[in-house]
Amino acid sequence: MIFGRRLRKKKLFQPPKRKILLNPGPLTTTDSVKRALIVSDICPREEEFGRLILSISQDLKRVVHAGDDYESVLFSGSGTAAVESVLSSVVADNEAILVLDNGAYGQRMLEICSIHYRPDQVFHLKASHTKVINPSIVETLLKAHPNISYVAVVHHETTTGLVNPIDDILKLTKKYKAAIVVDAMSSFGGIPINVTNNPYDFLISSSNKCLQGMPGLSFVVFKGEYAQKARMLKPKSLYLDLWKQYDFFNKYHQMQFTPPTQVCFALKQALKEYFEEGEAARYSRYEQSWKVLVRGIQDLGLKLFLPMQLQSKLLTAIKIPEAAQYSFDGMHDYLQDRDITIYPGKTSEADTFRVANIGAIDHNDITIFLDHLKNYLKFEDSQL
Ligand SMILES: *Cc1c(COP(=O)(O)O)cnc(C)c1O
């Protein structure tokens with residue numbers, strides 16, 4: 001299906017200079033995704049645009065192998081918009097939610113729940129940033145508090161690069177008749193997720209992480225049965241009401257409020273490229289980059305924040321070298337001058353910086369980064 005009348009794109013579009021973004025999104029995109037932004041102006045209430053976002057919502061389900069028992073809804077806004085939409089749209093007055101927190105994004109979900117619900121409706125399991133969420137503690141809490149109807153967890157904690165055992169937590173939520181809400185922001189389209197085998201109730205992500213699209217859209221893939229169960233709740237938000245957005249989309253194939261039209265075309269192209277590359281090949285491209293990264297980092301004598309077995313292989317938190325002359329800012333600026341962007345640390349438990357190896361980059365880009373980093377460290381040493 002061809003969407004939109006493209007301008008004479010090949011002639012008009014000069015791909016801008018390529019940069020290697022090693023921050024965890026928005027990421028380096030392909031030239032073809034950039035080019036997809038250049039379309040004829042279009043009104044989002046036109047049928048043609050409705051067909052585009054309908055096909056995007058079907059593609060998003062296909063990424064996680066979802067069938068007809070799943071639905072998907074798009075929102076304008078960064079990933080947090082979709083997280084807040086789910087978290088504020090599901091918990092009834094006589095129910096509670098358990099938030100699992102071993103990083104800044106778990107903490108953010110807690111903050112969202114604290115805004116929308118009474119203190120007695122929000123349970124908080126706080127864990128160390130260097131450990132996965134322990135399922136047996138989750139079980140103890142679910143057993144002790146039968147009013148917990150939802151459990152919210154981050155799949156890939158972008159704070160540190162840790163992967164939580166969401167399949168184990170899913171089993172517990174089934175056992176105790178609760179629903180699982182997964183912030184899969186930085187894993188969706190990166191780490192294979194299959195809801196046929198592991199029927200997560202809510203999966204949340206955005207256009208600009210492992211799907212390799214442009215920022216501006218977030219989305220929820222969820223089990224359709226919740227649309228019946230939770231829709232009776234009194235809305236806590238106009239813009240982010242999950243059920244209103246879902247009903248409106250179903251009825252009109254439109255979003256309630258203005259979508260970032262061009263960003264939708266770019267996401268469609270990014271999804272096309274996702275399916276062309278394939279789930280397994282994308283993960284193994286990321287994995288190959290990560291292996292080169294970790295080997296190089298260790299050769300330079302730098303230390304990883306997490307033990308190997310917890311690593312997502314998509315993002316790595318690296319300890320800042322202890323010698324006083326190294327600063328994140330110095331390293332960042334040196335690399336930025338060479339068209340490479342690294343990212344500050346986010347965990348409060350150590351001084352780290354982060355390198356994500358997701359996006360339209362591969363192990364050759366990581367090698368270029370490592371060469372520059374090596375030169376920077378040498379340069380700093382020579383200043384001693
Ligand atoms: C990126 C990200 C988010 C969303 O952050 P935004 O700034 O709204 O894009 C949420 N959770 C995780 C785990 C993330 O990596």
# chains A, B, ... in the order shown; residues from 1 in each chain; ligands from 1
call {"tool": "residues_near_ligand", "arguments": {"ligand": "ligand 1", "cutoff": "8 Å", "atoms": "only C-alpha atoms and all ligand atoms", "output": "PyMOL selection string"}}
result
chain A and resi 24-25+77-81+83+105-106+154-159+183-186+205-206+208-209+215
call {"tool": "select_by_dssp", "arguments": {"residues": "region 61-285 of chain A", "states": "alpha helix (DSSP H)", "output": "PyMOL selection string"}}
result
chain A and resi 61-63+79-89+104-116+135-144+166-175+225-229+242-252+261-277+279-285
call {"tool": "select_by_dssp", "arguments": {"residues": "region 41-258 of chain A", "states": "strand (DSSP E or B)", "output": "NGL selection string"}}
result
:A and (70-76 or 96-101 or 122-126 or 148-154 or 156-157 or 162-163 or 179-183 or 202-206 or 217-223)
call {"tool": "write_last_selection", "arguments": {"atoms": "N, CA and C atoms", "output": "tab-separated table (two decimals), in the first residue's frame"}}
result
chain	number	residue	atom	x	y	z
A	70	TYR	N	-5.99	-8.92	20.82
A	70	TYR	CA	-5.26	-7.71	21.26
A	70	TYR	C	-5.69	-6.50	20.44
A	71	GLU	N	-5.55	-5.33	21.06
A	71	GLU	CA	-5.86	-4.06	20.40
A	71	GLU	C	-4.62	-3.19	20.49
A	72	SER	N	-4.59	-2.14	19.67
A	72	SER	CA	-3.50	-1.19	19.89
A	72	SER	C	-4.00	0.23	19.67
A	73	VAL	N	-3.45	1.13	20.44
A	73	VAL	CA	-3.88	2.52	20.44
A	73	VAL	C	-2.66	3.41	20.36
A	74	LEU	N	-2.75	4.45	19.55
A	74	LEU	CA	-1.65	5.41	19.41
A	74	LEU	C	-1.96	6.71	20.12
A	75	PHE	N	-0.94	7.34	20.65
A	75	PHE	CA	-1.06	8.68	21.22
A	75	PHE	C	0.01	9.59	20.62
A	76	SER	N	-0.33	10.86	20.48
A	76	SER	CA	0.71	11.85	20.22
A	76	SER	C	1.45	12.03	21.54
A	96	ALA	N	-6.00	-1.90	43.66
A	96	ALA	CA	-4.68	-1.30	43.90
A	96	ALA	C	-3.73	-1.74	42.80
A	97	ILE	N	-2.62	-1.03	42.72
A	97	ILE	CA	-1.58	-1.35	41.73
A	97	ILE	C	-0.24	-1.50	42.46
A	98	LEU	N	0.53	-2.47	42.03
A	98	LEU	CA	1.87	-2.68	42.58
A	98	LEU	C	2.89	-2.22	41.54
A	99	VAL	N	3.74	-1.28	41.93
A	99	VAL	CA	4.76	-0.78	41.00
A	99	VAL	C	6.12	-1.37	41.38
A	100	LEU	N	6.74	-2.04	40.43
A	100	LEU	CA	8.06	-2.64	40.66
A	100	LEU	C	9.11	-1.65	40.18
A	101	ASP	N	10.08	-1.39	41.02
A	101	ASP	CA	10.95	-0.24	40.76
A	101	ASP	C	12.40	-0.60	41.03
A	122	VAL	N	-1.66	2.30	46.00
A	122	VAL	CA	-0.37	2.16	45.32
A	122	VAL	C	0.64	1.43	46.20
A	123	PHE	N	1.05	0.25	45.77
A	123	PHE	CA	2.11	-0.48	46.46
A	123	PHE	C	3.40	-0.30	45.67
A	124	HIS	N	4.51	-0.23	46.41
A	124	HIS	CA	5.79	0.08	45.79
A	124	HIS	C	6.81	-0.95	46.22
A	125	LEU	N	7.35	-1.69	45.26
A	125	LEU	CA	8.46	-2.59	45.59
A	125	LEU	C	9.73	-1.96	45.02
A	126	LYS	N	10.55	-1.45	45.93
A	126	LYS	CA	11.79	-0.80	45.50
A	126	LYS	C	12.93	-1.80	45.63
A	148	ILE	N	-4.64	-6.04	44.93
A	148	ILE	CA	-3.72	-5.63	43.85
A	148	ILE	C	-4.20	-6.26	42.55
A	149	SER	N	-4.72	-5.43	41.65
A	149	SER	CA	-5.25	-5.94	40.38
A	149	SER	C	-4.31	-5.68	39.22
A	150	TYR	N	-3.32	-4.82	39.43
A	150	TYR	CA	-2.37	-4.50	38.36
A	150	TYR	C	-0.96	-4.51	38.93
A	151	VAL	N	-0.03	-5.01	38.13
A	151	VAL	CA	1.39	-4.96	38.49
A	151	VAL	C	2.10	-4.26	37.33
A	152	ALA	N	2.81	-3.20	37.66
A	152	ALA	CA	3.51	-2.43	36.62
A	152	ALA	C	5.01	-2.68	36.72
A	153	VAL	N	5.61	-2.99	35.59
A	153	VAL	CA	7.05	-3.32	35.60
A	153	VAL	C	7.70	-2.80	34.32
A	154	VAL	N	8.96	-2.42	34.45
A	154	VAL	CA	9.74	-2.00	33.28
A	154	VAL	C	10.47	-3.23	32.74
A	156	HIS	N	12.91	-3.43	30.02
A	156	HIS	CA	14.34	-3.10	29.92
A	156	HIS	C	14.55	-1.77	30.64
A	157	GLU	N	15.18	-1.81	31.81
A	157	GLU	CA	15.41	-0.58	32.59
A	157	GLU	C	16.52	0.21	31.90
A	162	LEU	N	19.39	-3.10	32.38
A	162	LEU	CA	19.00	-4.37	33.00
A	162	LEU	C	17.66	-4.86	32.44
A	163	VAL	N	17.55	-6.19	32.28
A	163	VAL	CA	16.28	-6.77	31.81
A	163	VAL	C	15.58	-7.47	32.96
A	179	ALA	N	-3.44	-8.06	36.45
A	179	ALA	CA	-2.98	-7.80	35.08
A	179	ALA	C	-1.57	-7.23	35.15
A	180	ILE	N	-0.78	-7.53	34.13
A	180	ILE	CA	0.58	-6.98	34.09
A	180	ILE	C	0.65	-5.84	33.08
A	181	VAL	N	1.22	-4.73	33.53
A	181	VAL	CA	1.44	-3.56	32.67
A	181	VAL	C	2.95	-3.47	32.45
A	182	VAL	N	3.38	-3.63	31.21
A	182	VAL	CA	4.82	-3.66	30.93
A	182	VAL	C	5.24	-2.39	30.20
A	183	ASP	N	6.12	-1.63	30.82
A	183	ASP	CA	6.79	-0.55	30.11
A	183	ASP	C	7.88	-1.22	29.27
A	202	PHE	N	-0.75	-5.48	29.03
A	202	PHE	CA	-0.49	-4.17	28.43
A	202	PHE	C	0.99	-4.05	28.11
A	203	LEU	N	1.31	-3.67	26.89
A	203	LEU	CA	2.69	-3.40	26.49
A	203	LEU	C	2.74	-1.96	25.97
A	204	ILE	N	3.70	-1.20	26.44
A	204	ILE	CA	3.76	0.22	26.10
A	204	ILE	C	5.11	0.53	25.47
A	205	SER	N	5.08	1.29	24.37
A	205	SER	CA	6.36	1.72	23.79
A	205	SER	C	6.15	2.98	22.95
A	206	SER	N	7.20	3.37	22.24
A	206	SER	CA	7.13	4.60	21.45
A	206	SER	C	7.83	4.41	20.12
A	217	LEU	N	5.33	9.84	18.80
A	217	LEU	CA	4.20	8.91	18.93
A	217	LEU	C	4.51	7.88	20.00
A	218	SER	N	3.50	7.56	20.80
A	218	SER	CA	3.64	6.44	21.72
A	218	SER	C	2.41	5.56	21.55
A	219	PHE	N	2.48	4.36	22.08
A	219	PHE	CA	1.38	3.44	21.83
A	219	PHE	C	1.27	2.36	22.89
A	220	VAL	N	0.09	1.74	22.91
A	220	VAL	CA	-0.20	0.66	23.85
A	220	VAL	C	-0.75	-0.52	23.04
A	221	VAL	N	-0.20	-1.69	23.24
A	221	VAL	CA	-0.80	-2.92	22.69
A	221	VAL	C	-1.36	-3.64	23.91
A	222	PHE	N	-2.66	-3.92	23.90
A	222	PHE	CA	-3.28	-4.49	25.12
A	222	PHE	C	-4.33	-5.52	24.78
A	223	LYS	N	-4.61	-6.37	25.76
A	223	LYS	CA	-5.65	-7.39	25.61
A	223	LYS	C	-7.01	-6.72	25.54
call {"tool": "residues_around", "arguments": {"residues": "Val33 (chain A)", "least_positions_apart": "3", "cutoff": "7 Å", "atoms": "only C-alpha atoms", "output": "PyMOL selection string"}}
result
chain A and resi 29-30+36+213+266+269-270
call {"tool": "write_last_selection", "arguments": {"atoms": "N, CA, C and O atoms", "output": "PDB file, in the first residue's frame"}}
result
ATOM      1  N   THR A  29      18.513   7.188  12.621  1.00  0.00           N
ATOM      2  CA  THR A  29      17.507   6.579  11.744  1.00  0.00           C
ATOM      3  C   THR A  29      18.113   6.373  10.362  1.00  0.00           C
ATOM      4  O   THR A  29      19.136   6.985  10.021  1.00  0.00           O
ATOM      5  N   THR A  30      17.475   5.547   9.564  1.00  0.00           N
ATOM      6  CA  THR A  30      17.944   5.345   8.186  1.00  0.00           C
ATOM      7  C   THR A  30      17.580   6.573   7.349  1.00  0.00           C
ATOM      8  O   THR A  30      16.662   7.331   7.688  1.00  0.00           O
ATOM      9  N   ALA A  36      10.945   9.583   4.536  1.00  0.00           N
ATOM     10  CA  ALA A  36       9.497   9.342   4.651  1.00  0.00           C
ATOM     11  C   ALA A  36       8.764  10.525   5.297  1.00  0.00           C
ATOM     12  O   ALA A  36       7.539  10.629   5.203  1.00  0.00           O
ATOM     13  N   GLY A 213      12.004   4.763  14.557  1.00  0.00           N
ATOM     14  CA  GLY A 213      11.259   5.847  13.915  1.00  0.00           C
ATOM     15  C   GLY A 213      11.611   7.192  14.542  1.00  0.00           C
ATOM     16  O   GLY A 213      12.571   7.304  15.313  1.00  0.00           O
ATOM     17  N   ALA A 266       6.804   8.382   8.853  1.00  0.00           N
ATOM     18  CA  ALA A 266       8.144   7.869   9.165  1.00  0.00           C
ATOM     19  C   ALA A 266       8.042   6.559   9.950  1.00  0.00           C
ATOM     20  O   ALA A 266       8.825   5.624   9.718  1.00  0.00           O
ATOM     21  N   GLN A 269       7.279   3.690   7.628  1.00  0.00           N
ATOM     22  CA  GLN A 269       8.496   3.272   6.927  1.00  0.00           C
ATOM     23  C   GLN A 269       9.414   2.476   7.862  1.00  0.00           C
ATOM     24  O   GLN A 269       9.972   1.443   7.471  1.00  0.00           O
ATOM     25  N   ALA A 270       9.536   2.947   9.109  1.00  0.00           N
ATOM     26  CA  ALA A 270      10.403   2.250  10.070  1.00  0.00           C
ATOM     27  C   ALA A 270       9.872   0.838  10.334  1.00  0.00           C
ATOM     28  O   ALA A 270      10.656  -0.112  10.466  1.00  0.00           O
TER      29      ALA A 270
END
call {"tool": "residues_around", "arguments": {"residues": "Glu95 (chain A)", "least_positions_apart": "2", "cutoff": "7 Å", "atoms": "only C-alpha atoms", "output": "MDAnalysis selection string"}}
result
chainID A and resid 91:93 121 147:149
call {"tool": "write_last_selection", "arguments": {"atoms": "N, CA and C atoms", "output": "tab-separated table (two decimals), in the first residue's frame"}}
result
chain	number	residue	atom	x	y	z
A	91	VAL	N	-7.04	1.45	37.06
A	91	VAL	CA	-7.26	0.99	38.43
A	91	VAL	C	-8.59	1.55	38.98
A	92	ALA	N	-9.50	0.66	39.39
A	92	ALA	CA	-10.78	1.09	39.95
A	92	ALA	C	-10.60	1.50	41.42
A	93	ASP	N	-11.60	2.21	41.95
A	93	ASP	CA	-11.51	2.74	43.32
A	93	ASP	C	-11.24	1.67	44.37
A	121	GLN	N	-3.89	2.82	47.42
A	121	GLN	CA	-4.08	2.06	46.17
A	121	GLN	C	-2.75	1.75	45.48
A	147	ASN	N	-6.28	-7.16	46.82
A	147	ASN	CA	-6.83	-6.03	46.05
A	147	ASN	C	-5.86	-5.51	44.97
A	148	ILE	N	-4.64	-6.04	44.93
A	148	ILE	CA	-3.72	-5.63	43.85
A	148	ILE	C	-4.20	-6.26	42.55
A	149	SER	N	-4.72	-5.43	41.65
A	149	SER	CA	-5.25	-5.94	40.38
A	149	SER	C	-4.31	-5.68	39.22
